[in-house]
Structures are given as C-alpha cells and as structure tokens.
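Asker: Next comes the structure file input11.csv, holding CSV, C-alpha atoms.
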chain,number,residue,atom,x,y,z
A,379,ALA,CA,54.2,146.9,-152.3
A,380,ASP,CA,56.0,144.1,-150.3
A,381,VAL,CA,59.6,143.3,-149.4
A,382,ALA,CA,60.9,140.3,-147.6
A,383,HIS,CA,64.4,138.9,-146.7
A,384,GLN,CA,65.4,135.6,-145.2
A,385,ARG,CA,68.7,134.5,-144.0
A,386,ARG,CA,70.6,132.1,-141.7
A,387,ALA,CA,72.7,133.4,-138.9
A,388,GLY,CA,74.4,130.5,-137.2
A,389,SER,CA,71.7,128.3,-135.8
A,390,TRP,CA,69.0,131.0,-136.3
A,391,ARG,CA,66.7,131.2,-139.3
A,392,THR,CA,65.3,134.7,-139.6
A,393,LEU,CA,62.7,136.5,-141.7
A,394,ALA,CA,62.0,140.3,-142.0
A,395,ALA,CA,59.2,141.6,-144.1
A,396,GLY,CA,57.4,144.9,-144.7
A,397,SER,CA,54.4,146.0,-146.8
A,398,TRP,CA,52.5,149.1,-147.8
A,399,ARG,CA,49.0,148.9,-149.2
A,400,ARG,CA,46.8,151.8,-150.5
A,401,ARG,CA,43.3,151.7,-152.0
A,402,ASP,CA,41.5,154.8,-153.1
A,403,ALA,CA,38.1,153.1,-153.2
A,404,TRP,CA,36.3,150.0,-154.2
A,405,PRO,CA,35.0,150.3,-157.8
A,406,LEU,CA,31.3,150.0,-158.5
A,407,PRO,CA,30.4,147.5,-161.3
A,408,ASN,CA,27.7,149.4,-163.1
A,409,ASP,CA,28.7,152.9,-163.8
A,410,GLY,CA,32.5,152.9,-163.2
A,411,GLY,CA,32.1,155.0,-160.0
A,412,GLU,CA,33.6,154.4,-156.6
A,413,ARG,CA,32.1,153.0,-153.4
A,414,PHE,CA,31.8,155.9,-151.0
A,415,ASN,CA,34.2,155.9,-148.0
A,416,SER,CA,36.0,152.7,-148.9
A,417,ASP,CA,39.5,153.9,-148.9
A,418,LEU,CA,42.4,152.3,-147.1
A,419,GLU,CA,46.1,152.9,-146.3
A,420,GLN,CA,48.2,150.5,-144.2
A,421,PHE,CA,51.8,149.9,-143.3
A,422,SER,CA,53.0,146.6,-141.7
A,423,LEU,CA,56.2,145.1,-140.5
A,424,LEU,CA,57.1,141.5,-139.5
A,425,LEU,CA,60.2,140.1,-137.8
A,426,ARG,CA,60.5,136.4,-137.1
A,427,GLY,CA,63.3,134.1,-135.8
A,428,GLY,CA,63.7,130.4,-134.9
A,429,ARG,CA,66.4,128.0,-133.9
A,430,PRO,CA,66.6,124.4,-132.7
A,431,VAL,CA,67.1,123.8,-129.0
A,432,LYS,CA,68.6,120.6,-127.4
A,433,GLY,CA,68.3,118.5,-130.6
A,434,THR,CA,64.5,118.1,-131.1
A,435,GLY,CA,63.4,121.2,-129.3
A,436,ARG,CA,62.7,124.6,-131.0
A,437,LEU,CA,62.5,128.3,-130.0
A,438,GLY,CA,60.5,130.7,-132.0
A,439,LEU,CA,60.2,134.5,-131.7
A,440,LEU,CA,57.8,136.9,-133.4
A,441,ALA,CA,57.3,140.6,-133.6
A,442,THR,CA,54.8,142.2,-135.9
A,443,GLY,CA,52.9,145.5,-136.1
A,444,TRP,CA,50.8,147.6,-138.5
A,445,THR,CA,49.2,151.0,-138.7
A,446,ALA,CA,46.3,152.0,-140.9
A,447,GLU,CA,43.6,154.5,-141.7
A,448,LYS,CA,40.4,153.4,-143.4
A,449,GLY,CA,36.9,154.3,-144.2
A,450,VAL,CA,33.8,152.1,-143.8
A,451,PRO,CA,31.2,152.0,-146.6
A,452,PRO,CA,27.8,153.3,-145.4
A,453,GLU,CA,24.9,150.9,-144.5
A,454,LEU,CA,22.8,152.1,-147.4
A,455,HIS,CA,20.2,149.3,-146.8
A,456,LEU,CA,19.2,151.0,-143.5
A,457,GLY,CA,18.0,154.2,-145.2
A,458,ASP,CA,17.9,157.2,-142.8
A,459,ASP,CA,19.3,155.0,-140.0
A,460,ALA,CA,22.6,154.4,-141.9
A,461,ARG,CA,25.7,155.1,-139.9
A,462,PHE,CA,28.7,156.9,-141.5
A,463,TRP,CA,32.1,156.4,-139.8
A,464,ARG,CA,35.8,156.2,-140.4
A,465,TYR,CA,38.8,154.8,-138.6
A,466,PRO,CA,41.3,157.8,-138.5
A,467,ALA,CA,43.8,155.5,-136.7
A,468,ARG,CA,44.1,151.7,-136.2
A,469,GLU,CA,47.3,150.4,-134.8
A,470,ARG,CA,48.4,147.0,-133.5
A,471,ALA,CA,51.7,145.4,-132.2
A,472,LEU,CA,52.2,141.8,-131.2
A,473,LEU,CA,55.2,140.1,-129.5
A,474,GLY,CA,55.3,136.4,-129.1
A,475,ALA,CA,57.6,133.5,-128.2
A,476,ALA,CA,57.2,129.7,-128.3
A,477,LEU,CA,59.4,127.0,-126.9
A,478,ASP,CA,59.3,123.3,-127.3
A,479,LEU,CA,62.0,121.7,-125.0
A,480,PRO,CA,62.8,118.1,-124.2
A,481,LEU,CA,63.6,117.7,-120.5
A,482,GLY,CA,66.4,115.4,-119.2
A,483,ASP,CA,68.4,112.9,-121.2
A,484,GLY,CA,65.9,110.0,-121.3
A,485,GLY,CA,63.4,111.7,-123.7
A,486,VAL,CA,60.4,110.9,-121.4
A,487,TRP,CA,59.5,114.5,-120.6
A,488,ASP,CA,58.7,117.4,-123.0
A,489,LEU,CA,57.9,121.0,-122.1
A,490,GLY,CA,56.0,123.4,-124.3
A,491,ALA,CA,55.6,127.1,-123.4
A,492,THR,CA,53.9,130.0,-125.3
A,493,ALA,CA,53.8,133.7,-124.3
A,494,SER,CA,52.5,136.8,-126.1
A,495,VAL,CA,51.5,140.4,-125.5
A,496,ASP,CA,49.2,142.2,-127.9
A,497,PHE,CA,48.6,146.0,-128.0
A,498,PHE,CA,45.8,147.6,-130.0
A,499,HIS,CA,44.5,151.1,-130.5
A,500,GLN,CA,41.9,152.6,-132.7
A,501,GLU,CA,39.8,155.7,-133.2
A,502,ILE,CA,36.3,155.8,-134.6
A,503,ASP,CA,34.8,159.0,-136.0
A,504,PRO,CA,31.1,158.7,-136.5
A,505,ARG,CA,30.4,162.3,-137.3
A,506,GLY,CA,29.7,161.7,-141.0
A,507,PRO,CA,31.1,163.3,-144.2
A,508,GLU,CA,30.2,166.8,-143.0
A,509,GLY,CA,32.1,166.5,-139.8
A,510,TRP,CA,35.2,164.4,-140.6
A,511,ASP,CA,37.3,167.4,-141.6
A,512,GLU,CA,36.0,169.7,-138.9
A,513,PRO,CA,37.7,170.3,-135.5
A,514,GLN,CA,36.6,168.2,-132.7
A,515,VAL,CA,34.2,169.7,-130.2
A,516,ALA,CA,33.8,168.6,-126.6
A,517,GLY,CA,30.9,166.2,-126.2
A,518,GLN,CA,30.8,165.0,-129.8
A,519,ASP,CA,30.6,161.3,-130.5
A,520,TYR,CA,34.1,160.1,-131.1
A,521,GLU,CA,35.3,156.7,-129.9
A,522,GLU,CA,38.8,155.8,-128.9
A,523,ASN,CA,39.9,152.3,-127.7
A,524,TRP,CA,43.1,150.9,-126.2
A,525,ASP,CA,43.5,147.2,-125.7
A,526,ARG,CA,46.3,145.2,-124.0
A,527,THR,CA,46.2,141.4,-124.0
A,528,GLY,CA,48.6,139.0,-122.4
A,529,PHE,CA,48.6,135.2,-122.9
A,530,GLY,CA,50.6,132.4,-121.5
A,531,ARG,CA,50.4,128.6,-121.8
A,532,LEU,CA,52.4,125.7,-120.3
A,533,ARG,CA,52.2,122.1,-121.5
A,534,LEU,CA,54.1,119.2,-119.8
A,535,VAL,CA,54.1,115.8,-121.5
A,536,ARG,CA,55.2,112.5,-119.9
A,537,TRP,CA,55.9,109.7,-122.4
A,538,LEU,CA,55.1,106.2,-121.1
A,539,GLY,CA,57.1,104.2,-123.6
A,540,ASP,CA,56.4,104.5,-127.3
A,541,GLN,CA,52.7,103.8,-127.1
A,542,ALA,CA,51.3,106.2,-124.5
A,543,LYS,CA,51.7,109.6,-123.0
A,544,VAL,CA,50.0,111.9,-120.5
A,545,ALA,CA,49.9,115.7,-120.8
A,546,LEU,CA,49.0,118.5,-118.4
A,547,GLN,CA,48.3,122.0,-119.8
A,548,GLY,CA,47.3,125.3,-118.2
A,549,SER,CA,46.7,128.6,-119.9
A,550,ALA,CA,45.7,132.2,-118.9
A,551,ARG,CA,44.6,135.1,-120.9
A,552,TYR,CA,44.1,138.7,-119.6
A,553,THR,CA,42.5,141.5,-121.6
A,554,ASN,CA,42.3,145.1,-120.6
A,555,HIS,CA,40.1,147.4,-122.7
A,556,ARG,CA,39.8,151.2,-122.2
A,557,GLU,CA,37.4,153.3,-124.1
A,558,SER,CA,36.1,156.8,-124.5
A,559,VAL,CA,33.0,157.4,-126.5
A,560,THR,CA,32.9,161.3,-126.6
A,561,VAL,CA,35.4,164.0,-127.2
A,562,GLY,CA,36.8,164.9,-123.7
A,563,GLY,CA,34.6,162.3,-122.1
A,564,PRO,CA,35.5,159.8,-119.3
A,565,VAL,CA,37.7,156.8,-120.1
A,566,LEU,CA,36.0,153.5,-118.9
A,567,THR,CA,38.0,150.4,-118.2
A,568,TYR,CA,37.0,146.8,-118.8
A,569,SER,CA,39.0,143.6,-118.2
A,570,GLN,CA,38.6,139.9,-118.4
A,571,TRP,CA,40.4,136.8,-117.3
A,572,LEU,CA,40.1,133.5,-119.2
A,573,ASN,CA,41.9,130.5,-117.6
A,574,SER,CA,41.9,126.8,-118.3
A,575,LEU,CA,43.5,123.7,-117.0
A,576,ALA,CA,43.4,120.3,-118.8
A,577,VAL,CA,44.8,116.8,-118.5
A,578,GLU,CA,44.9,114.5,-121.5
A,579,GLY,CA,46.1,110.9,-122.0
A,580,GLU,CA,46.7,109.0,-125.2
A,581,ALA,CA,47.5,105.3,-125.7
A,582,VAL,CA,47.9,102.8,-128.5
A,583,PHE,CA,46.4,99.4,-127.8
A,584,ALA,CA,44.9,96.3,-129.3
A,585,ASP,CA,46.6,96.3,-132.7
A,586,HIS,CA,46.7,99.9,-134.0
A,587,TRP,CA,43.8,101.3,-132.0
A,588,THR,CA,44.5,104.7,-130.3
A,589,LEU,CA,42.4,106.2,-127.5
A,590,ARG,CA,42.7,109.8,-126.5
A,591,ALA,CA,40.8,111.1,-123.4
A,592,GLY,CA,40.9,114.6,-121.9
A,593,LEU,CA,39.2,116.5,-119.1
A,594,GLY,CA,39.4,120.2,-118.5
A,595,TRP,CA,38.1,123.2,-116.6
A,596,ASP,CA,37.6,126.7,-117.9
A,597,HIS,CA,37.1,129.8,-115.9
A,598,ALA,CA,36.1,133.4,-116.8
A,599,ALA,CA,36.0,136.6,-114.7
A,600,THR,CA,35.5,140.3,-115.5
A,601,PRO,CA,37.0,142.2,-112.6
A,602,GLU,CA,36.4,145.6,-114.3
A,603,THR,CA,33.3,146.5,-116.2
A,604,GLY,CA,33.3,150.2,-116.6
A,605,ASP,CA,30.0,151.8,-115.7
A,606,LYS,CA,28.1,148.5,-116.3
A,607,PRO,CA,27.0,145.9,-113.8
A,608,ALA,CA,29.7,143.2,-113.1
A,609,ASN,CA,29.2,139.6,-114.3
A,610,GLU,CA,29.7,136.9,-111.7
A,611,PRO,CA,32.8,134.6,-112.3
A,612,GLN,CA,31.8,131.6,-114.4
A,613,ASP,CA,33.1,128.0,-114.7
A,614,ALA,CA,32.6,125.3,-117.3
A,615,PRO,CA,33.9,121.7,-117.8
A,616,ALA,CA,35.6,120.5,-120.9
A,617,LEU,CA,35.6,116.9,-122.2
A,618,ASN,CA,37.3,115.2,-125.2
A,619,LEU,CA,37.2,111.5,-126.1
A,620,ARG,CA,38.5,110.1,-129.4
A,621,LEU,CA,39.0,106.6,-130.7
A,622,VAL,CA,41.0,106.0,-133.9
A,623,GLY,CA,41.5,102.6,-135.6
A,624,ASP,CA,44.2,102.0,-138.2
A,625,LEU,CA,42.7,99.3,-140.5
A,626,GLY,CA,45.6,99.2,-142.9
A,627,ALA,CA,48.1,101.4,-144.8
A,628,ARG,CA,45.2,103.3,-146.5
A,629,SER,CA,42.1,102.8,-144.3
A,630,GLY,CA,40.9,103.9,-140.9
A,631,VAL,CA,37.9,104.7,-138.7
A,632,TYR,CA,37.4,107.1,-135.8
A,633,ALA,CA,34.8,108.2,-133.3
A,634,GLY,CA,34.8,111.3,-131.2
A,635,LEU,CA,32.8,112.9,-128.4
A,636,GLY,CA,33.5,116.3,-126.9
A,637,ARG,CA,32.2,119.3,-124.9
A,638,ARG,CA,33.6,122.8,-125.0
A,639,SER,CA,32.4,126.1,-123.8
A,640,ARG,CA,32.9,129.7,-125.0
A,641,PHE,CA,32.5,132.6,-122.6
A,642,PRO,CA,31.2,135.9,-124.0
A,643,SER,CA,33.9,138.4,-124.9
A,644,LEU,CA,34.0,141.9,-123.4
A,645,ARG,CA,32.6,143.3,-126.6
A,646,GLU,CA,29.7,140.9,-126.7
A,647,SER,CA,28.7,141.7,-123.1
A,648,TYR,CA,29.4,145.4,-122.7
A,649,SER,CA,30.0,147.2,-126.1
A,650,GLY,CA,27.4,149.6,-127.4
A,651,ALA,CA,28.9,149.4,-130.9
A,652,LEU,CA,28.3,153.0,-131.9
A,653,GLY,CA,24.7,152.9,-130.5
A,654,ARG,CA,23.7,149.8,-132.5
A,655,PHE,CA,23.8,147.3,-129.6
A,656,VAL,CA,22.5,147.4,-126.1
A,657,PRO,CA,24.9,145.9,-123.6
A,658,ASN,CA,23.9,142.7,-121.8
A,659,PRO,CA,26.2,141.8,-118.9
A,660,ASP,CA,24.0,138.9,-117.9
A,661,GLN,CA,25.2,136.6,-120.7
A,662,GLY,CA,26.5,133.2,-119.8
A,663,PRO,CA,28.8,130.8,-121.7
A,664,GLU,CA,27.6,128.9,-124.7
A,665,ARG,CA,28.3,125.1,-124.6
A,666,GLN,CA,28.8,122.8,-127.6
A,667,ASP,CA,28.4,119.0,-127.4
A,668,GLN,CA,29.5,117.1,-130.5
A,669,VAL,CA,29.5,113.4,-131.6
A,670,GLU,CA,31.2,112.4,-134.8
A,671,VAL,CA,32.1,109.1,-136.5
A,672,GLY,CA,34.0,108.7,-139.7
A,673,ALA,CA,36.0,106.4,-142.0
A,674,THR,CA,38.7,106.8,-144.7
A,675,THR,CA,39.7,104.4,-147.4
A,676,ALA,CA,42.1,104.9,-150.3
A,677,THR,CA,43.8,103.2,-153.3
A,678,GLU,CA,46.7,104.5,-155.3
A,679,SER,CA,44.4,106.8,-157.3
A,680,TRP,CA,41.2,107.1,-155.2
A,681,ARG,CA,40.5,108.4,-151.7
A,682,LEU,CA,37.1,108.4,-150.1
A,683,GLU,CA,36.2,110.0,-146.7
A,684,GLY,CA,32.9,110.0,-144.9
A,685,ALA,CA,31.7,111.4,-141.6
A,686,ALA,CA,28.5,111.8,-139.7
A,687,PHE,CA,28.1,114.2,-136.9
A,688,SER,CA,25.6,115.7,-134.5
A,689,SER,CA,26.2,119.0,-132.7
A,690,ARG,CA,24.1,120.6,-130.0
A,691,LEU,CA,24.8,124.2,-129.0
A,692,THR,CA,23.2,125.2,-125.7
A,693,ASP,CA,22.9,128.9,-124.7
A,694,GLY,CA,24.3,130.0,-128.0
A,695,ILE,CA,25.1,133.7,-128.2
A,696,GLU,CA,23.1,135.4,-130.9
A,697,ARG,CA,21.7,138.8,-131.5
A,698,GLU,CA,18.0,139.8,-131.2
A,699,ALA,CA,16.2,143.0,-132.1
A,700,VAL,CA,15.2,145.3,-129.3
A,701,PRO,CA,11.4,146.0,-129.8
A,702,GLY,CA,10.6,149.5,-130.8
A,703,THR,CA,14.1,150.5,-131.7
A,704,ASN,CA,16.7,150.0,-134.4
A,705,GLN,CA,19.1,148.4,-131.9
A,706,TYR,CA,20.1,144.8,-131.0
A,707,ARG,CA,21.4,143.0,-128.0
A,708,ARG,CA,23.3,139.7,-127.7
A,709,VAL,CA,21.5,137.0,-125.7
A,710,ASN,CA,21.8,133.3,-125.0
A,711,ARG,CA,19.4,131.2,-127.1
A,712,SER,CA,18.0,128.0,-125.5
A,713,GLU,CA,19.3,125.3,-128.0
A,714,LEU,CA,20.6,124.9,-131.5
A,715,ARG,CA,20.9,121.4,-133.1
A,716,VAL,CA,23.0,120.7,-136.2
A,717,PRO,CA,23.1,117.1,-137.6
A,718,GLY,CA,25.3,116.6,-140.7
A,719,LEU,CA,26.8,114.2,-143.1
A,720,GLU,CA,30.1,114.9,-145.0
A,721,ILE,CA,31.4,112.8,-147.9
A,722,ILE,CA,34.7,113.7,-149.8
A,723,GLY,CA,36.0,111.9,-152.8
A,724,ALA,CA,39.3,112.5,-154.6
A,725,TRP,CA,40.8,111.0,-157.7
A,726,THR,CA,44.4,111.4,-158.8
A,727,PRO,CA,44.6,110.3,-162.5
A,728,HIS,CA,48.4,110.3,-162.5
A,729,PRO,CA,51.0,110.4,-159.6
A,730,ALA,CA,52.3,113.7,-161.1
A,731,ALA,CA,48.8,115.3,-161.1
A,732,GLU,CA,47.2,116.4,-157.8
Would you put the structure from the file into structure tokens?
Answerer:
Amino acid sequence: ADVAHQRRAGSWRTLAAGSWRRRDAWPLPNDGGERFNSDLEQFSLLLRGGRPVKGTGRLGLLATGWTAEKGVPPELHLGDDARFWRYPARERALLGAALDLPLGDGGVWDLGATASVDFFHQEIDPRGPEGWDEPQVAGQDYEENWDRTGFGRLRLVRWLGDQAKVALQGSARYTNHRESVTVGGPVLTYSQWLNSLAVEGEAVFADHWTLRAGLGWDHAATPETGDKPANEPQDAPALNLRLVGDLGARSGVYAGLGRRSRFPSLRESYSGALGRFVPNPDQGPERQDQVEVGATTATESWRLEGAAFSSRLTDGIEREAVPGTNQYRRVNRSELRVPGLEIIGAWTPHPAAE
C-alpha cells in the first residue's frame, strides 16, 4: 500500500509519501509451498521539499525513514553449517540538505553544499527456529548494531568566461558503529573518517574540443576499532583526465584516463558476520586505473556507440577461505585486469517510436 501527495506552497514544491509492505513468504515453484523464514513487514515515510534560490540556485531538503522486521531464508546449500537468523528490528532515518547557490552578481562563482545525517539500528537473532520465541538468556548469541553517519561536501566553482571553469571540492564522512554480539555482552565501538580534497579544471579549445583534468587526495582513518588492532591512517591520490571532441551535431569522440581508490569499510575490516568471517584489520585500499576511448555517430534513425577500455584493479578486496574452517576473510589480491569492448546500436523506425 502506497500513498503520496505533492503540492506547491509559494516557491516551495513539496512531496509527502508513505508505504506499508507485508510478505508472508516467498512461494516455492514446485509444490506450492513457502520458502522458510522469508517473511517481511516494513513501514516507510518520505518528506521532500525544494525551492529556487537567487534565480538559478536551488535548495533541497529530504527526510526519510523506515522500520522493518524480516526473516532470512536459510543457507540450505551449506548442509549442517547453515545459519538460521532473523532481523527482529531494522530501523533507519536519513536527513539531508543540498544547496546550489550563485555567488555575487557577475555569475562567475557558484557554491554547492551537501550535508546529511544517517541513523541505523538493527537486531540479529541467530538462535534458530527453536529459540526465536524463547526469552533471551545472558550470554546467548544475539547481535545488535547502532550506526551514525554524517557527511558534508563543499564545491566552489570559478567560471573563466563561457569556455572554462575551475572547481575546488572537499568532503568528509564520519561513521560510528556500535555493536553487541551476545545478550548482556559488552558494546564495542568502531569509527571511520573518509576525507577527500580535489581540484578540477575544464576548458573548451580548438574548435569544439573539451579537456577536463582533475587531481585529488583521499584519506582514511579508523580512530576506534573495538577490541581489534587499529589500522594506520591511509592516503591515496586520485587522477582524472578526459578529452572530448565534438565532430558535428551527431558525432563525437572521447578518451579518458583515471585513478581512484576505495578504502575498506569498517564491516570489511572488522566484522565477524555472525561467525562466518574472520576480521582482517591489515587491509589496505584497492586502487583502480582505467583507460577508455570511444566514439558516437548518429543519423535521424540510427545511433551507434563504441568504446574500448582497459581496467587494472590493484590490491582488490576479495574474500578467501580460511583453511580448515568454514570461515572466510577479506584480503587484498595482487592484481585484476579487465580489458573490454562495448558496442551499442539503436534504430528508431519512426520519430514517434522509441
């Protein structure tokens, strides 16, 4: 069941929506039965508003939340090692705001700002069908998590005429995770900072050719790591180069080169995942280098796109089996290479048919 309402209130455009969803079980295709422990019930609410600011600027506000209870179908392919668990409670609330604002009267400066806070809570009951309806006993496995995440980003753009611009952007993300894995057990706290700073320039030159170049710095730190060894703060550079050529109203070419890094999340480094994973706090960031070239051409009824790319992932985060156990751990692999070719063709037989 869903309900939604939109309206204008002066310069504001608003939306309110709510929904309720219930599933008794997933049906099985062969005998008309039901998949065990596949039920779900969820309530959600969304509020959103936006308005123009100083002509071309815009302010957007968002508030959303949901609460749910659900089961997780068993891992029957694992035989006696299959886990049975439920989520007696899963709750999330998100508040966010975004602002795009022209500065001054000359139109040469633009400011972009984004901020959000995210709250999440869940309970995991792994006691199995025989224990789900029984009272909790101190020392039993029963996981409870609380997460708080704050994010902020600022972007300042300086226009250099109609053909060029320079942008400076900084962002920060803080996550605090608290968890208890047994009834009445200790509550451990984990936290992580992810920060980045980047400068980017874009210019049109030489008859419809556009060059974009960016350089950035990413940083990660885990100041709180529960009862696990701490990870040293880590840094990584970021690079982006892109050349685009406009060869006519319907044709163009481009070439791109980039490097980005991804730091392991708190879950990847420290979570035991109900006994299935062994924590590995020594993980480093995975780095991706990618080169891509492509072209596009079109007529009134045909469109053809082609691209060739080569991607190299260094220290990619993957899982590996722990010898002699049914557990896994996440580790950095040495190198993964992915060359590829993509061709897309589209034909529109009539302007009214897409």
Asker: Set up a box along x, y and z of the file covering all listed atoms of segment 463-469 of chain A, add 4 Å on every one of the six sides, and write the centre and edge lengths in Å to one decimal, as AutoDock Vina command-line options.
Answerer:
--center_x 39.7 --center_y 154.1 --center_z -137.6 --size_x 23.2 --size_y 15.4 --size_z 13.6
Asker: Hey, what's within 7 Å of Asp613 of chain A if we count all atoms listed in the file and toss same-chain stuff fewer than 2 positions away? As a ChimeraX atom specification, please?
Answerer: /A:596-598
Asker: Select from segment 503-606 of chain A every residue with an atom at most 9 Å from any atom of segment 622-631 of chain A, then for each give the shortest pair of atoms and their distance in Å to one decimal, using all atoms listed in the file, rows by chain and rising number, as a tab-separated table.
Answerer:
residue	atom	partner	partner_atom	distance
A:Asp585	CA	A:Asp624	CA	8.3
A:His586	CA	A:Asp624	CA	5.3
A:Trp587	CA	A:Gly623	CA	4.5
A:Thr588	CA	A:Val622	CA	5.2
A:Leu589	CA	A:Val622	CA	6.6
A:Arg590	CA	A:Val622	CA	8.5
Asker: Of the residues A:Ser647, A:Gln661, A:Asn704, A:Gln547, which is the one nearest to Ala460 of chain A, using all atoms listed in the file?
Answerer: A:Asn704
Asker: Name the closest residue to Gly433 of chain A among the candidates A:Asp483, A:Leu575, A:Arg400, A:Lys606; distances are taken between atoms, counting all atoms listed in the file.
Answerer: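 Between A:Asp483, A:Leu575, A:Arg400, A:Lys606, the residue approaching Gly433 of chain A most closely is A:Asp483.
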